[in-house]
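Enquirer: Structure supplied as my_file-v8.txt; contents: compact mmCIF, C-alpha atoms.
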# COMPACT_ATOMS: atom_id res chain seq x y z
CA MET A 140 0.00 0.00 0.00
CA PRO A 141 1.47 3.42 -0.95
CA ASP A 142 1.83 5.77 1.98
CA ILE A 143 -0.54 8.73 2.17
CA PHE A 144 2.12 11.22 1.10
CA GLN A 145 2.06 9.75 -2.40
CA SER A 146 -1.58 10.78 -2.83
CA ILE A 147 -2.13 13.78 -0.55
CA ASP A 148 -4.53 15.50 -2.95
CA ASP A 149 -6.89 12.52 -2.74
CA LEU A 150 -7.46 13.04 1.00
CA ASP A 151 -10.67 14.54 2.33
CA ALA A 152 -10.48 18.10 3.65
CA ALA A 153 -10.20 17.11 7.31
CA SER A 154 -7.39 14.64 6.65
CA LEU A 155 -5.55 17.12 4.46
CA GLN A 156 -5.73 19.73 7.21
CA ARG A 157 -4.33 17.20 9.69
CA VAL A 158 -1.34 16.66 7.41
CA ILE A 159 -0.80 20.41 6.99
CA ASP A 160 -1.03 21.01 10.73
CA ARG A 161 1.34 18.14 11.44
CA LEU A 162 3.93 19.33 8.91
CA GLU A 163 3.85 22.86 10.30
CA PHE A 164 3.96 21.66 13.92
CA ARG A 165 6.93 19.42 13.17
CA GLY A 166 8.71 22.16 11.25
CA THR A 167 8.55 24.56 14.18
CA TYR A 168 9.12 22.00 16.97
CA ALA A 169 12.36 23.11 18.65
CA PRO A 170 14.28 19.79 18.52
CA PHE A 171 13.32 19.40 14.86
CA VAL A 172 14.41 22.96 14.09
CA ALA A 173 17.75 22.24 15.78
CA MET A 174 18.30 19.21 13.53
CA ARG A 175 17.62 21.29 10.43
CA GLU A 176 19.84 24.15 11.56
CA ALA A 177 22.68 21.72 12.34
CA TYR A 178 22.99 20.62 8.74
CA LEU A 179 22.36 24.10 7.31
CA ASP A 180 25.11 25.53 9.51
CA ARG A 181 27.60 23.18 7.83
CA LEU A 182 26.87 24.46 4.33
CA ASP A 183 28.98 27.24 2.86
CA LEU A 184 26.66 28.45 0.14
CA PRO A 185 28.06 30.78 -2.52
CA PRO A 186 26.63 34.32 -2.88
CA GLY A 187 23.38 34.27 -4.79
CA ALA A 188 23.05 30.50 -4.31
CA THR A 189 20.30 28.60 -6.09
CA VAL A 190 18.60 26.08 -3.82
CA CYS A 191 16.00 23.46 -4.69
CA GLU A 192 14.01 21.47 -2.16
CA LEU A 193 12.43 18.29 -3.47
CA GLY A 194 9.22 17.29 -1.71
CA CYS A 195 8.78 20.63 0.05
CA GLY A 196 5.35 19.93 1.57
CA THR A 197 4.05 23.14 3.14
CA GLY A 198 7.41 24.79 2.50
CA VAL A 199 8.76 24.83 6.06
CA VAL A 200 12.37 24.14 5.09
CA SER A 201 12.33 26.25 1.91
CA ARG A 202 10.96 29.19 3.87
CA ALA A 203 13.54 28.71 6.59
CA ILE A 204 16.42 28.72 4.09
CA ALA A 205 15.05 31.69 2.15
CA SER A 206 14.71 33.78 5.34
CA ARG A 207 17.99 32.62 6.89
CA ARG A 208 20.27 35.44 8.01
CA GLY A 209 22.92 36.17 5.39
CA PHE A 210 21.24 34.16 2.64
CA ASP A 211 20.92 36.23 -0.54
CA GLY A 212 20.01 33.55 -3.04
CA THR A 213 16.79 32.00 -4.27
CA VAL A 214 14.91 28.88 -3.24
CA GLN A 215 12.49 26.72 -5.19
CA GLY A 216 10.37 24.11 -3.45
CA THR A 217 8.58 21.41 -5.43
CA ASP A 218 6.03 18.84 -4.37
CA LEU A 219 3.64 16.32 -5.90
CA SER A 220 0.72 17.92 -4.08
CA GLU A 221 -1.10 20.94 -5.48
CA ALA A 222 -2.75 21.42 -2.08
CA LEU A 223 0.50 21.50 -0.14
CA VAL A 224 2.12 23.82 -2.68
CA ALA A 225 -0.85 26.19 -2.40
CA GLU A 226 -0.39 26.16 1.38
CA ALA A 227 3.35 26.82 1.00
CA ARG A 228 2.73 29.79 -1.30
CA GLU A 229 0.20 31.31 1.07
CA ARG A 230 2.46 30.93 4.10
CA ALA A 231 5.40 32.49 2.24
CA ARG A 232 3.18 35.39 1.18
CA THR A 233 1.89 35.88 4.73
CA GLU A 234 5.43 35.80 6.12
CA GLY A 235 6.66 38.25 3.48
CA ILE A 236 9.30 35.91 2.05
CA GLU A 237 9.90 36.95 -1.55
CA ASN A 238 12.96 34.91 -2.60
CA VAL A 239 11.17 31.57 -2.61
CA VAL A 240 8.88 30.01 -5.21
CA PHE A 241 6.86 26.82 -5.04
CA ARG A 242 5.88 24.51 -7.89
CA ALA A 243 3.58 21.53 -8.05
CA GLU A 244 5.33 18.81 -10.04
CA PRO A 245 3.12 15.72 -10.41
CA SER A 246 5.99 13.89 -12.12
CA GLY A 247 8.11 14.13 -8.99
CA LEU A 248 10.77 16.01 -10.92
CA SER A 249 11.94 19.52 -10.08
CA GLY A 250 11.51 21.35 -13.36
CA LYS A 251 15.05 22.74 -12.92
CA ALA A 252 17.71 22.66 -15.62
CA ASP A 253 20.67 20.28 -15.48
CA ASN A 254 23.52 21.40 -13.20
CA SER A 255 21.58 24.47 -12.07
CA CYS A 256 21.53 24.20 -8.26
CA ASP A 257 24.13 24.94 -5.61
CA LEU A 258 22.20 22.96 -3.02
CA VAL A 259 19.54 20.27 -3.30
CA VAL A 260 17.58 19.50 -0.14
CA ILE A 261 15.68 16.24 0.37
CA HIS A 262 14.11 16.79 3.79
CA THR A 263 11.67 14.14 5.06
CA LEU A 264 10.88 13.06 1.50
CA ILE A 265 12.85 9.94 0.70
CA SER A 266 11.10 7.80 3.31
CA HIS A 267 7.78 8.43 1.56
CA VAL A 268 8.50 7.95 -2.14
CA ALA A 269 7.89 4.85 -4.21
CA ASP A 270 11.32 5.07 -5.87
CA PRO A 271 14.11 6.54 -3.70
CA ALA A 272 16.65 5.95 -6.47
CA ALA A 273 14.69 8.24 -8.80
CA VAL A 274 14.81 11.02 -6.19
CA LEU A 275 18.58 10.71 -5.94
CA ALA A 276 18.86 10.69 -9.73
CA GLU A 277 16.88 13.93 -9.96
CA ALA A 278 19.01 15.52 -7.24
CA MET A 279 22.18 14.55 -9.11
CA ARG A 280 20.79 15.85 -12.40
CA ILE A 281 20.07 19.35 -11.14
CA ALA A 282 23.09 19.69 -8.84
CA SER A 283 26.04 21.66 -10.17
CA PRO A 284 29.48 19.98 -10.08
CA SER A 285 30.34 21.68 -6.77
CA ALA A 286 26.88 21.36 -5.24
CA ARG A 287 25.89 19.55 -2.10
CA ILE A 288 22.90 17.30 -1.59
CA VAL A 289 21.31 17.14 1.85
CA ILE A 290 19.20 14.12 2.80
CA PHE A 291 17.40 14.31 6.13
CA ASP A 292 14.77 11.86 7.32
CA GLY A 293 13.62 9.58 10.07
CA ASP A 294 14.98 6.10 10.55
CA TYR A 295 11.39 5.11 11.11
CA ALA A 296 12.20 1.46 11.76
CA SER A 297 13.39 2.79 15.14
CA LEU A 298 10.07 4.50 15.96
CA THR A 299 8.67 3.61 19.38
CA CYS A 300 5.57 4.80 21.21
CA HIS A 301 5.33 3.02 24.55
CA ALA A 302 2.37 3.29 26.92
CA GLY A 303 2.81 0.12 28.92
CA ARG A 304 1.64 -2.62 26.55
CA PRO A 305 4.81 -3.43 24.57
CA ALA A 306 3.37 -5.98 22.15
CA LYS A 307 0.30 -3.89 21.34
CA ASP A 308 2.32 -0.68 21.11
CA ALA A 309 4.73 -2.28 18.65
CA GLU A 310 1.88 -3.79 16.61
CA VAL A 311 0.05 -0.47 16.22
CA VAL A 312 3.23 1.48 15.41
CA GLU A 313 4.14 -1.06 12.73
CA THR A 314 0.65 -0.75 11.23
CA LEU A 315 0.82 3.05 11.41
CA LEU A 316 4.07 3.00 9.46
CA GLU A 317 2.36 1.03 6.70
CA ALA A 318 0.06 4.02 6.19
CA ILE A 319 2.53 6.89 6.42
CA VAL A 320 6.04 5.62 5.60
CA ALA A 321 6.87 3.77 2.41
CA ASN A 322 10.52 3.13 3.31
CA PRO A 323 11.10 2.85 7.08
CA HIS A 324 14.68 1.54 6.63
CA ILE A 325 15.79 3.89 3.85
CA MET A 326 18.21 6.01 5.89
CA ARG A 327 20.19 2.85 6.62
CA GLU A 328 20.47 2.23 2.88
CA ILE A 329 21.50 5.73 1.78
CA PRO A 330 25.29 5.30 2.29
CA GLY A 331 25.31 2.31 -0.05
CA MET A 332 23.10 4.08 -2.58
CA LEU A 333 25.52 7.03 -2.62
CA VAL A 334 28.54 4.75 -3.12
CA ASP A 335 26.79 2.97 -6.00
CA ARG A 336 26.29 6.34 -7.73
CA GLY A 337 29.76 7.71 -7.12
CA ILE A 338 28.51 10.38 -4.72
CA SER A 339 30.83 11.38 -1.90
CA LEU A 340 29.34 11.34 1.60
CA GLU A 341 30.90 14.29 3.45
CA TRP A 342 29.01 14.31 6.74
CA ALA A 343 26.61 12.08 8.60
CA HIS A 344 24.89 12.78 11.89
CA ALA A 345 22.14 11.17 13.93
CA ASP A 346 19.79 12.61 16.54
CA VAL A 347 17.46 10.73 18.85
CA LEU A 348 14.20 12.55 19.37
CA MET A 349 12.92 11.21 22.67
CA GLU A 350 10.06 12.16 24.98
CA ALA A 351 9.73 10.63 28.43
CA GLY A 352 6.76 11.25 30.69
CA HIS A 353 4.70 13.63 28.57
CA ALA A 354 4.09 13.22 24.83
CA ASP A 355 4.15 16.27 22.57
CA PHE A 356 5.84 15.47 19.25
CA PHE A 357 4.68 11.85 19.36
CA ALA A 358 1.18 12.78 20.50
CA SER A 359 0.85 15.00 17.45
CA LEU A 360 2.13 12.18 15.24
CA VAL A 361 -0.33 9.52 16.40
CA GLU A 362 -3.32 11.87 16.72
CA SER A 363 -2.70 13.08 13.15
CA TYR A 364 -2.15 9.77 11.43
CA ILE A 365 -3.92 7.00 13.35
CA PRO A 366 -7.32 8.14 11.92
CA MET A 367 -5.82 7.79 8.44
CA ALA A 368 -4.70 4.25 9.17
CA VAL A 369 -8.30 3.55 10.22
CA ARG A 370 -9.67 5.05 6.99
CA ALA A 371 -7.21 2.94 5.01
CA GLY A 372 -8.60 -0.18 6.67
CA LEU A 373 -5.34 -0.99 8.43
CA LEU A 374 -6.75 -0.52 11.94
CA GLU A 375 -10.20 -1.13 13.36
CA THR A 376 -11.84 1.94 14.85
CA SER A 377 -12.40 0.48 18.31
CA GLY A 378 -8.85 -0.86 18.57
CA ALA A 379 -7.37 2.42 17.36
CA GLU A 380 -9.41 4.45 19.84
CA ASP A 381 -8.42 2.14 22.68
CA TRP A 382 -4.75 2.48 21.75
CA LEU A 383 -4.98 6.28 21.49
CA HIS A 384 -6.70 6.36 24.88
CA GLN A 385 -3.80 4.41 26.37
CA GLN A 386 -1.28 6.79 24.82
CA ARG A 387 -3.13 9.84 26.13
CA ALA A 388 -3.45 8.31 29.59
CA ALA A 389 0.24 7.45 29.70
CA SER A 390 1.13 11.00 28.72
CA GLU A 391 -1.24 12.57 31.24
CA SER A 392 0.13 10.39 34.05
CA GLY A 393 3.79 10.88 33.11
CA ARG A 394 4.31 7.28 31.99
CA PHE A 395 4.79 7.81 28.26
CA TYR A 396 7.95 6.99 26.33
CA GLY A 397 8.52 7.69 22.65
CA SER A 398 11.61 7.87 20.48
CA CYS A 399 12.82 7.87 16.89
CA ASN A 400 16.22 8.29 15.27
CA PHE A 401 16.66 11.05 12.69
CA VAL A 402 19.60 11.08 10.30
CA SER A 403 21.26 13.89 8.33
CA TYR A 404 23.56 13.28 5.37
CA ILE A 405 25.51 15.87 3.37
CA ALA A 406 26.85 14.54 0.09
CA ARG A 407 28.73 16.13 -2.79
CA ALA A 408 27.32 15.49 -6.24
Could you rewrite the structure in this file as structure tokens?
Expert:
Amino acid sequence: MPDIFQSIDDLDAASLQRVIDRLEFRGTYAPFVAMREAYLDRLDLPPGATVCELGCGTGVVSRAIASRRGFDGTVQGTDLSEALVAEARERARTEGIENVVFRAEPSGLSGKADNSCDLVVIHTLISHVADPAAVLAEAMRIASPSARIVIFDGDYASLTCHAGRPAKDAEVVETLLEAIVANPHIMREIPGMLVDRGISLEWAHADVLMEAGHADFFASLVESYIPMAVRAGLLETSGAEDWLHQQRAASESGRFYGSCNFVSYIARA
């Protein structure tokens, strides 16, 4: 089953809004911001740099780069979803960010010319696509000879949400991943994929996002996406509600534990 991010525009309005809210929440969540800033701080972009983000969603990362202090270049964000691109454009307009443009690209390509970008960003995209190799190929095509390619995503095979029933918690998380993550192991495979394509890996870093006691990031994750797993027929309504109740109760009583590894790679094309 394809994950929901491959067909966002087919979602009903309520589900689409959940996705938008989740993407924006995640993009402004302090630990997540710190992960993004850590890899951006390592990039020495040339004056007037041209940046392309593949799979930009609501444009959180593209907007952050475009408004970054000292950045005087241009950013283009592309996404499969017309709805998410419309949201990205509106948020950029509201925030007064003028050096960023967003394009809907149903083909999954960028629309950029060969060798035209100083930086290509693949931020929380590659875990969701049907063909990760095609994403890397597009990044290599549009990257200039001196460009860098950033790949950031969750190692979702490590995702844990624990509320006191280990077997049930693991079962529901595994089912949830079927709905929202096409490639839960992909960040473990990226080094080999880069080697196979002659791309040099310059920097690799991992962060563990962990919440103990109270759930915030992970509460948003399960509240946003468990209903979609139900709609997809992967979870029964009663079982899903019972599990969510247990997660909420664990959080309210200080007994919750959740964690996931997130990995950043910087490669040279």
Enquirer: Between A:Arg304, A:Arg387, A:Arg287, A:His344, which is the closest to Arg407 of chain A once you count all atoms listed in the file?
Expert: A:Arg287
Enquirer: Tell me which of A:Phe241, A:Phe210, A:Phe401, A:Phe171 sits closest to Ala343 of chain A, counting all atoms listed in the file.
Expert: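 Smallest distance to Ala343 of chain A is found for A:Phe401.
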Enquirer: Compare A:Gln385, A:Thr213, A:Ser266, A:Ser220 by their minimum atom-to-atom distance to Gly293 of chain A, counting only C-alpha atoms, and give me the closest one.
Expert: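 Once distances to Gly293 of chain A are computed over only C-alpha atoms, the minimum belongs to A:Ser266.
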Enquirer: Compare A:Ala354, A:Val239, A:Val289, A:Leu219 by their minimum atom-to-atom distance to Ala388 of chain A, counting only C-alpha atoms, and give me the closest one.
Expert: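 Among the listed residues, the smallest separation from Ala388 of chain A belongs to A:Ala354.
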Enquirer: Considering all atoms listed in the file, return as a VMD selection string whatever protein or nucleic-acid residues lie within 8 Å of segment 355-358 of chain A, sequence-local ones (same chain, fewer than 6 positions apart) excluded.
Expert: chain A and resid 165 168 300 386 to 387 397
Enquirer: What does the structure give for the distance between atom CA of Ser363 of chain A and atom CA of Ser154 of chain A, in Å to one decimal?
Expert: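 Atom CA of Ser363 of chain A sits 8.2 Å away from atom CA of Ser154 of chain A.
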Enquirer: List every residue of segment 248-335 of chain A that has an atom at most 12 Å from any atom of segment 376-384 of chain A, and for each one report the closest atom pair and its distance in Å to one decimal, counting all atoms listed in the file, with rows sorted by chain and then by increasing residue number, as a Markdown table.
Expert:
| residue | atom | partner | partner_atom | distance |
| --- | --- | --- | --- | --- |
| A:Cys300 | CA | A:Trp382 | CA | 10.6 |
| A:His301 | CA | A:Trp382 | CA | 10.5 |
| A:Ala302 | CA | A:Trp382 | CA | 8.8 |
| A:Gly303 | CA | A:Trp382 | CA | 10.7 |
| A:Arg304 | CA | A:Trp382 | CA | 9.5 |
| A:Pro305 | CA | A:Trp382 | CA | 11.6 |
| A:Ala306 | CA | A:Trp382 | CA | 11.7 |
| A:Lys307 | CA | A:Trp382 | CA | 8.1 |
| A:Asp308 | CA | A:Trp382 | CA | 7.8 |
| A:Ala309 | CA | A:Trp382 | CA | 11.1 |
| A:Glu310 | CA | A:Trp382 | CA | 10.5 |
| A:Val311 | CA | A:Trp382 | CA | 7.9 |
| A:Val312 | CA | A:Trp382 | CA | 10.2 |
| A:Thr314 | CA | A:Ala379 | CA | 10.6 |
| A:Leu315 | CA | A:Ala379 | CA | 10.1 |
Enquirer: What is the distance between atom CA of Ala177 of chain A and atom CA of Ser249 of chain A, in Å to one decimal?
Expert: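 Value for the atom CA of Ala177 of chain A-atom CA of Ser249 of chain A distance: 25.0 Å.
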